[in-house]
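Asks: Just so it is clear, I am handing over upload_20.txt, which has compact mmCIF, C-alpha atoms and all ligand atoms.
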```
# COMPACT_ATOMS: atom_id res chain seq x y z
CA MET A 1 32.26 -7.09 18.45
CA ARG A 2 35.92 -7.93 18.16
CA LEU A 3 35.30 -11.35 19.59
CA ILE A 4 33.04 -12.18 16.67
CA CYS A 5 35.79 -11.61 14.13
CA PHE A 6 38.92 -12.35 16.07
CA PRO A 7 39.65 -14.84 18.80
CA SER A 8 40.42 -12.70 21.82
CA ARG A 9 43.88 -14.16 22.29
CA TRP A 10 44.95 -12.51 19.01
CA ALA A 11 43.62 -9.14 19.95
CA PRO A 12 46.62 -7.86 21.92
CA ALA A 13 48.89 -8.63 18.95
CA VAL A 14 46.99 -6.50 16.49
CA LEU A 15 46.38 -2.77 16.42
CA PRO A 16 42.79 -2.04 17.48
CA GLY A 17 42.29 0.02 14.34
CA LEU A 18 43.25 -2.90 12.15
CA VAL A 19 40.89 -5.17 14.07
CA LEU A 20 38.06 -2.78 13.56
CA GLY A 21 38.91 -2.46 9.88
CA ILE A 22 38.87 -6.21 9.36
CA CYS A 23 35.66 -6.55 11.32
CA LEU A 24 34.03 -4.00 9.03
CA LEU A 25 35.25 -5.86 5.95
CA VAL A 26 34.43 -9.36 7.13
CA SER A 27 31.07 -8.78 8.72
CA PRO A 28 29.37 -5.63 7.52
CA SER A 29 26.01 -7.11 8.52
CA ALA A 30 27.10 -7.08 12.16
CA PHE A 31 27.05 -3.29 11.91
CA GLY A 32 23.73 -3.09 10.08
CA GLN A 33 20.89 -1.07 11.57
CA GLN A 34 18.28 -3.81 11.61
CA PRO A 35 18.05 -6.07 14.63
CA VAL A 36 17.56 -9.72 13.67
CA ALA A 37 14.05 -9.77 15.15
CA GLU A 38 12.81 -7.23 12.59
CA GLU A 39 14.13 -9.06 9.53
CA LYS A 40 10.73 -10.66 8.90
CA PRO A 41 8.26 -7.76 8.71
CA GLN A 42 4.78 -8.63 9.87
CA THR A 43 2.37 -8.89 6.97
CA PRO A 44 -0.90 -6.97 7.25
CA TRP A 45 -2.67 -9.68 5.25
CA VAL A 46 -4.57 -12.83 6.17
CA GLU A 47 -3.52 -16.23 4.79
CA ASP A 48 -4.04 -16.69 1.04
CA ASN A 49 -6.74 -19.33 1.59
CA ASP A 50 -8.74 -17.24 4.10
CA THR A 51 -12.08 -16.56 2.37
CA ARG A 52 -13.95 -15.36 5.44
CA PRO A 53 -15.74 -12.02 4.92
CA ALA A 54 -13.33 -9.10 5.32
CA GLU A 55 -15.32 -7.74 8.27
CA VAL A 56 -14.73 -11.00 10.15
CA ALA A 57 -11.06 -11.45 9.32
CA TYR A 58 -10.09 -7.76 9.68
CA LYS A 59 -10.78 -5.35 12.51
CA ASN A 60 -12.39 -2.23 11.07
CA ILE A 61 -14.28 -2.91 7.84
CA LYS A 62 -17.26 -0.65 7.12
CA VAL A 63 -17.74 -0.62 3.35
CA LEU A 64 -15.92 -3.69 2.01
CA THR A 65 -18.25 -6.02 3.87
CA GLY A 66 -18.64 -9.37 2.17
CA LEU A 67 -15.35 -9.12 0.32
CA PRO A 68 -13.41 -12.37 0.79
CA ALA A 69 -10.58 -11.47 3.15
CA ASN A 70 -7.90 -12.95 0.89
CA ARG A 71 -8.79 -10.35 -1.76
CA MET A 72 -7.95 -7.36 0.46
CA LYS A 73 -4.29 -7.42 -0.53
CA ALA A 74 -5.04 -7.11 -4.26
CA LEU A 75 -7.72 -4.47 -3.64
CA MET A 76 -5.51 -2.28 -1.46
CA ASN A 77 -2.77 -2.47 -4.07
CA THR A 78 -5.27 -1.54 -6.77
CA TRP A 79 -6.37 1.51 -4.77
CA LYS A 80 -2.78 2.46 -4.15
CA ASN A 81 -1.89 2.23 -7.83
CA SER A 82 -5.15 3.75 -9.11
CA LEU A 83 -4.44 6.89 -7.08
CA GLY A 84 -0.67 6.81 -7.59
CA VAL A 85 -0.03 6.96 -3.83
CA GLU A 86 1.58 4.91 -1.07
CA CYS A 87 -0.42 3.00 1.54
CA THR A 88 0.36 5.79 4.01
CA PHE A 89 -1.74 8.20 1.95
CA CYS A 90 -4.68 6.55 3.75
CA HIS A 91 -3.05 4.65 6.61
CA VAL A 92 -0.67 4.96 9.50
CA LYS A 93 1.91 2.32 8.65
CA GLY A 94 1.37 -0.82 10.73
CA GLU A 95 -1.89 0.50 12.24
CA TRP A 96 -4.05 -0.57 9.34
CA ASP A 97 -7.33 -0.64 11.28
CA SER A 98 -6.89 2.90 12.61
CA ASP A 99 -9.07 5.66 11.12
CA SER A 100 -6.74 8.52 12.02
CA VAL A 101 -5.92 9.49 8.40
CA LYS A 102 -8.86 11.40 6.93
CA GLU A 103 -8.15 10.12 3.40
CA LYS A 104 -9.16 6.67 4.61
CA GLY A 105 -12.60 8.11 5.33
CA TYR A 106 -12.70 9.76 1.89
CA ALA A 107 -11.76 6.43 0.33
CA ARG A 108 -14.74 4.79 2.05
CA GLU A 109 -17.03 7.46 0.57
CA MET A 110 -15.44 6.91 -2.82
CA GLN A 111 -16.03 3.17 -2.57
CA LYS A 112 -19.71 3.87 -1.89
CA LEU A 113 -19.82 6.30 -4.81
CA THR A 114 -18.32 3.68 -7.12
CA VAL A 115 -20.75 0.98 -6.00
CA ASN A 116 -23.66 3.42 -6.37
CA ILE A 117 -22.62 4.37 -9.91
CA ALA A 118 -22.61 0.69 -10.89
CA ARG A 119 -25.97 0.11 -9.22
CA ASP A 120 -27.71 3.22 -10.56
CA TYR A 121 -26.29 3.47 -14.06
CA PHE A 122 -24.71 0.21 -15.19
CA ASP A 123 -27.02 -2.63 -14.07
CA GLY A 124 -24.71 -3.33 -11.13
CA LYS A 125 -21.74 -3.89 -13.45
CA GLU A 126 -18.38 -2.50 -12.45
CA GLU A 127 -17.95 -0.20 -15.45
CA VAL A 128 -16.54 2.67 -13.39
CA THR A 129 -13.63 2.01 -11.03
CA CYS A 130 -11.29 4.19 -9.01
CA TYR A 131 -8.95 4.17 -11.98
CA THR A 132 -11.62 5.37 -14.42
CA CYS A 133 -11.52 8.75 -12.69
CA HIS A 134 -8.19 8.83 -10.90
CA ARG A 135 -5.86 7.52 -13.63
CA GLY A 136 -2.97 7.20 -11.25
CA GLU A 137 -3.55 10.57 -9.54
CA ALA A 138 -4.92 11.48 -6.12
CA HIS A 139 -6.70 14.47 -7.62
CA PRO A 140 -8.40 13.65 -10.91
CA ALA A 141 -8.16 16.36 -13.54
CA LYS A 142 -11.24 18.53 -13.72
CA ARG A 143 -10.53 20.39 -16.92
CA LEU A 144 -8.93 19.81 -20.27
CA PRO A 145 -5.24 20.63 -20.25
CA ALA A 146 -4.51 24.08 -21.71
CA ALA A 147 -2.80 22.58 -24.74
CA PRO A 148 -3.38 19.13 -26.23
CA VAL A 149 -0.92 16.79 -24.53
CA GLN A 150 -1.00 14.23 -27.29
CA ARG A 151 -2.24 14.00 -30.80
CA ARG A 152 -3.83 10.78 -31.85
CA ALA A 153 -6.40 9.65 -34.36
CA ARG A 154 -9.87 10.72 -33.26
CA PRO A 155 -12.69 8.24 -33.85
CA VAL A 156 -15.33 9.66 -36.17
CA ALA A 157 -17.87 7.01 -35.16
CA PRO A 158 -18.39 4.81 -32.09
C1 LIG B 201 -7.06 5.28 -0.98
C2 LIG B 201 -6.91 4.93 0.42
C3 LIG B 201 -6.24 3.62 0.75
C4 LIG B 201 -5.04 3.14 0.30
C5 LIG B 201 -4.10 3.79 -0.71
C6 LIG B 201 -4.81 1.90 0.98
N1 LIG B 201 -5.83 1.62 1.84
FE1 LIG B 201 -5.98 0.04 3.12
N2 LIG B 201 -7.85 0.62 3.64
C7 LIG B 201 -8.49 1.76 3.19
C8 LIG B 201 -9.84 1.78 3.72
C9 LIG B 201 -10.88 2.84 3.45
C10 LIG B 201 -9.98 0.61 4.51
C11 LIG B 201 -11.23 0.20 5.29
C12 LIG B 201 -12.26 -0.38 4.34
C13 LIG B 201 -13.62 -0.54 4.98
O1 LIG B 201 -13.96 0.18 5.93
O2 LIG B 201 -14.40 -1.40 4.50
C14 LIG B 201 -8.70 -0.08 4.45
C15 LIG B 201 -8.41 -1.26 5.14
C16 LIG B 201 -7.17 -1.87 5.18
C17 LIG B 201 -6.83 -3.02 5.99
C18 LIG B 201 -7.75 -3.75 6.97
C19 LIG B 201 -7.43 -3.22 8.38
C20 LIG B 201 -8.36 -3.76 9.45
O3 LIG B 201 -7.96 -4.67 10.20
O4 LIG B 201 -9.51 -3.27 9.51
C21 LIG B 201 -5.52 -3.31 5.74
C22 LIG B 201 -4.70 -4.43 6.35
C23 LIG B 201 -5.05 -2.35 4.77
N3 LIG B 201 -6.09 -1.48 4.44
C24 LIG B 201 -3.77 -2.31 4.29
C25 LIG B 201 -3.36 -1.48 3.24
C26 LIG B 201 -2.06 -1.55 2.62
C27 LIG B 201 -0.92 -2.47 3.05
C28 LIG B 201 -2.05 -0.63 1.62
C29 LIG B 201 -0.97 -0.37 0.60
C30 LIG B 201 -0.64 -1.54 -0.24
C31 LIG B 201 -3.33 0.06 1.66
N4 LIG B 201 -4.10 -0.49 2.64
C32 LIG B 201 -3.69 1.10 0.81
C33 LIG B 201 -7.94 2.73 2.39
C34 LIG B 201 -6.74 2.64 1.71
C1 LIG B 202 -16.52 9.38 -10.62
C2 LIG B 202 -15.10 9.69 -10.47
C3 LIG B 202 -14.40 9.07 -9.26
C4 LIG B 202 -14.36 7.75 -8.89
C5 LIG B 202 -15.04 6.56 -9.56
C6 LIG B 202 -13.50 7.68 -7.73
N1 LIG B 202 -13.04 8.91 -7.39
FE1 LIG B 202 -11.89 9.39 -5.79
N2 LIG B 202 -12.08 11.35 -6.23
C7 LIG B 202 -12.72 11.87 -7.33
C8 LIG B 202 -12.68 13.32 -7.29
C9 LIG B 202 -13.23 14.26 -8.37
C10 LIG B 202 -11.97 13.64 -6.08
C11 LIG B 202 -11.67 15.03 -5.54
C12 LIG B 202 -10.30 15.40 -6.07
C13 LIG B 202 -9.65 16.52 -5.36
O1 LIG B 202 -9.69 16.58 -4.12
O2 LIG B 202 -9.02 17.32 -6.06
C14 LIG B 202 -11.63 12.38 -5.46
C15 LIG B 202 -10.94 12.29 -4.27
C16 LIG B 202 -10.53 11.10 -3.69
C17 LIG B 202 -9.75 11.01 -2.48
C18 LIG B 202 -9.30 12.18 -1.63
C19 LIG B 202 -7.98 12.69 -2.15
C20 LIG B 202 -7.34 13.65 -1.16
O3 LIG B 202 -6.34 14.27 -1.55
O4 LIG B 202 -7.78 13.77 -0.04
C21 LIG B 202 -9.53 9.69 -2.24
C22 LIG B 202 -8.76 9.09 -1.09
C23 LIG B 202 -10.17 8.95 -3.32
N3 LIG B 202 -10.76 9.85 -4.18
C24 LIG B 202 -10.17 7.60 -3.44
C25 LIG B 202 -10.92 6.90 -4.37
C26 LIG B 202 -11.05 5.46 -4.39
C27 LIG B 202 -10.34 4.50 -3.44
C28 LIG B 202 -11.89 5.15 -5.41
C29 LIG B 202 -12.41 3.78 -5.83
C30 LIG B 202 -13.04 3.01 -4.77
C31 LIG B 202 -12.30 6.41 -6.03
N4 LIG B 202 -11.68 7.44 -5.37
C32 LIG B 202 -13.17 6.52 -7.09
C33 LIG B 202 -13.34 11.15 -8.33
C34 LIG B 202 -13.56 9.80 -8.31
```
Just give me the structure of the file as structure tokens.

Replies:
Amino acid sequence: MRLICFPSRWAPAVLPGLVLGICLLVSPSAFGQQPVAEEKPQTPWVEDNDTRPAEVAYKNIKVLTGLPANRMKALMNTWKNSLGVECTFCHVKGEWDSDSVKEKGYAREMQKLTVNIARDYFDGKEEVTCYTCHRGEAHPAKRLPAAPVQRRARPVAP
């Protein structure tokens, strides 16, 4: 480490403590925790122009069949934000195809539910989404809050 900051022929002339101090000042990155190889994290996503069906481009697709693979990124982010959770609520980080988190299975059921609602009640139109129920929460509210949380004008007609 000293060699990086100081030519070795100077080293004997300077107190080791001072050398270390200067090294810390000059090259804090040399003491960082991340090895250079990990600086570019591997993306879980396919290339932006990859429109193959998700089940072809990804490894373990059971309900999102037919979805263009390049739309997975936006969809996963929408799920994440609709439920107000992190990706790891449903996934083991980096093992995106694994089914070991049970919430991933629930999410598949929920995707079917959402598609079925559109099919059965809204002429196939996507009127109800994850957000319609979840509103940024993993557990959608079942009952009215005990006290009104906000007062706003109430429509008297549709
Ligand atoms: C609410 C649960 C949930 C959240 C949150 C979520 N995912 Fe997913 N993810 C799933 C499910 C379910 C599938 C499988 C879909 C299927 O079977 O069609 C999936 C599939 C994937 C795949 C495809 C893996 C493969 O090769 O089969 C990737 C990549 C992925 N998710 C990444 C992410 C990332 C990154 C985030 C955060 C931005 C995220 N997911 C957030 C539930 C979730
Ligand atoms: C019709 C309303 C509705 C829609 C639409 C809906 N959900 Fe849900 N979801 C619920 C309810 C209700 C629960 C049970 C809440 C609880 O466990 O307290 C739930 C539970 C879940 C859970 C399990 C939470 C946990 O803690 O284990 C996941 C994951 C989930 N939903 C994901 C989704 C995703 C992803 C979508 C969109 C594809 C979606 N939901 C659409 C109502 C809905």

Asks: Write out as a tab-separated table a residue-level contact list of chain A versus ligand LIG 202 (chain B) with cut-off 12 Å: for each qualifying residue the closest pair of atoms and the distance in Å to one decimal, counting all atoms listed in the file, rows sorted by chain and residue number upward.

Replies:
```
residue	atom	partner	partner_atom	distance
A:Val63	CA	B:LIG202	C30	10.1
A:Leu64	CA	B:LIG202	C30	10.0
A:Leu75	CA	B:LIG202	C30	9.2
A:Met76	CA	B:LIG202	C27	8.6
A:Asn77	CA	B:LIG202	C27	10.3
A:Thr78	CA	B:LIG202	C27	8.6
A:Trp79	CA	B:LIG202	C27	5.1
A:Lys80	CA	B:LIG202	C27	7.9
A:Asn81	CA	B:LIG202	C27	9.8
A:Ser82	CA	B:LIG202	C27	7.7
A:Leu83	CA	B:LIG202	C24	6.8
A:Gly84	CA	B:LIG202	C24	10.4
A:Val85	CA	B:LIG202	C22	9.4
A:Glu86	CA	B:LIG202	C22	11.2
A:Cys87	CA	B:LIG202	C22	10.7
A:Thr88	CA	B:LIG202	C22	11.0
A:Phe89	CA	B:LIG202	C22	7.7
A:Cys90	CA	B:LIG202	C22	6.8
A:His91	CA	B:LIG202	C22	10.6
A:Val101	CA	B:LIG202	O4	9.6
A:Lys102	CA	B:LIG202	O4	7.4
A:Glu103	CA	B:LIG202	C22	4.6
A:Lys104	CA	B:LIG202	C22	6.2
A:Gly105	CA	B:LIG202	C22	7.5
A:Tyr106	CA	B:LIG202	C22	5.0
A:Ala107	CA	B:LIG202	C22	4.3
A:Arg108	CA	B:LIG202	C27	7.0
A:Glu109	CA	B:LIG202	C25	7.9
A:Met110	CA	B:LIG202	C31	4.5
A:Gln111	CA	B:LIG202	C30	3.7
A:Lys112	CA	B:LIG202	C30	7.3
A:Leu113	CA	B:LIG202	C5	6.7
A:Thr114	CA	B:LIG202	C5	5.0
A:Val115	CA	B:LIG202	C30	8.1
A:Asn116	CA	B:LIG202	C5	9.7
A:Ile117	CA	B:LIG202	C5	7.9
A:Ala118	CA	B:LIG202	C5	9.7
A:Tyr121	CA	B:LIG202	C1	11.9
A:Glu126	CA	B:LIG202	C5	10.1
A:Glu127	CA	B:LIG202	C5	9.4
A:Val128	CA	B:LIG202	C5	5.7
A:Thr129	CA	B:LIG202	C5	5.0
A:Cys130	CA	B:LIG202	C29	3.4
A:Tyr131	CA	B:LIG202	C32	6.9
A:Thr132	CA	B:LIG202	C5	6.1
A:Cys133	CA	B:LIG202	C2	4.3
A:His134	CA	B:LIG202	N1	6.0
A:Arg135	CA	B:LIG202	N1	9.6
A:Gly136	CA	B:LIG202	N4	10.5
A:Glu137	CA	B:LIG202	C19	8.9
A:Ala138	CA	B:LIG202	C19	5.2
A:His139	CA	B:LIG202	O2	4.0
A:Pro140	CA	B:LIG202	C12	5.5
A:Ala141	CA	B:LIG202	C9	7.5
A:Lys142	CA	B:LIG202	C9	7.1
A:Arg143	CA	B:LIG202	C9	10.9
```

Asks: Can you tell me how far CA of Asp99 in chain A sits from CA of Asp48 in chain A, in Å to one decimal?

Replies: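 Computing it gives 25.0 Å between the two atoms.
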
Asks: Could you tell me how far CA of Val92 in chain A lies from CA of Ala69 in chain A, in Å and to one decimal?

Replies: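 Separation of CA of Val92 in chain A and CA of Ala69 in chain A: 20.2 Å.
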
Asks: Enter the distance from atom C32 of ligand LIG 201 (chain B) to CA of Ser98 in chain A, in Å, rounded to one decimal.

Replies: 12.4 Å

Asks: Taking into account all atoms listed in the file, which residue in the set A:Ala147, A:Ala157, A:Gly66, A:Trp45 is nearest to Gly94 in chain A?

Replies: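 Distance minimum relative to Gly94 in chain A lands on A:Trp45.
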
Asks: May I have the residues within 10 Å of Thr65 in chain A as a list in words, using only C-alpha atoms and disregarding those fewer than 2 positions away in the same chain?

Replies: Pro53, Ala54, Glu55, Val56, Ile61, Lys62, Val63, Leu67, Pro68 and Ala69 of chain A

Asks: Pick out the closest residue to ligand LIG 201 (chain B) from this set: A:Leu144, A:Ala74, A:Pro44, A:Thr51. Count all atoms listed in the file.

Replies: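 Of A:Leu144, A:Ala74, A:Pro44, A:Thr51, the one nearest ligand LIG 201 (chain B), counting all atoms listed in the file, is A:Pro44.
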
Asks: Check the smallest atom-to-atom distance from each of A:Pro155, A:Tyr58, A:Lys73, A:Pro145 to ligand LIG 201 (chain B) using only C-alpha atoms and all ligand atoms, then report the winner.

Replies: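 Among the listed residues, A:Tyr58 lies closest to ligand LIG 201 (chain B).
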
Asks: Determine the nearest neighbour of ligand LIG 201 (chain B) from the options A:Lys59, A:Arg119, A:Lys125, A:Arg52, counting all atoms listed in the file.

Replies: A:Lys59

Asks: Nearest to ligand LIG 201 (chain B): which of A:Asp123, A:Arg154, A:Arg71, A:Ala57 is it, counting all atoms listed in the file?

Replies: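 Smallest separation from ligand LIG 201 (chain B) among the options: A:Ala57.
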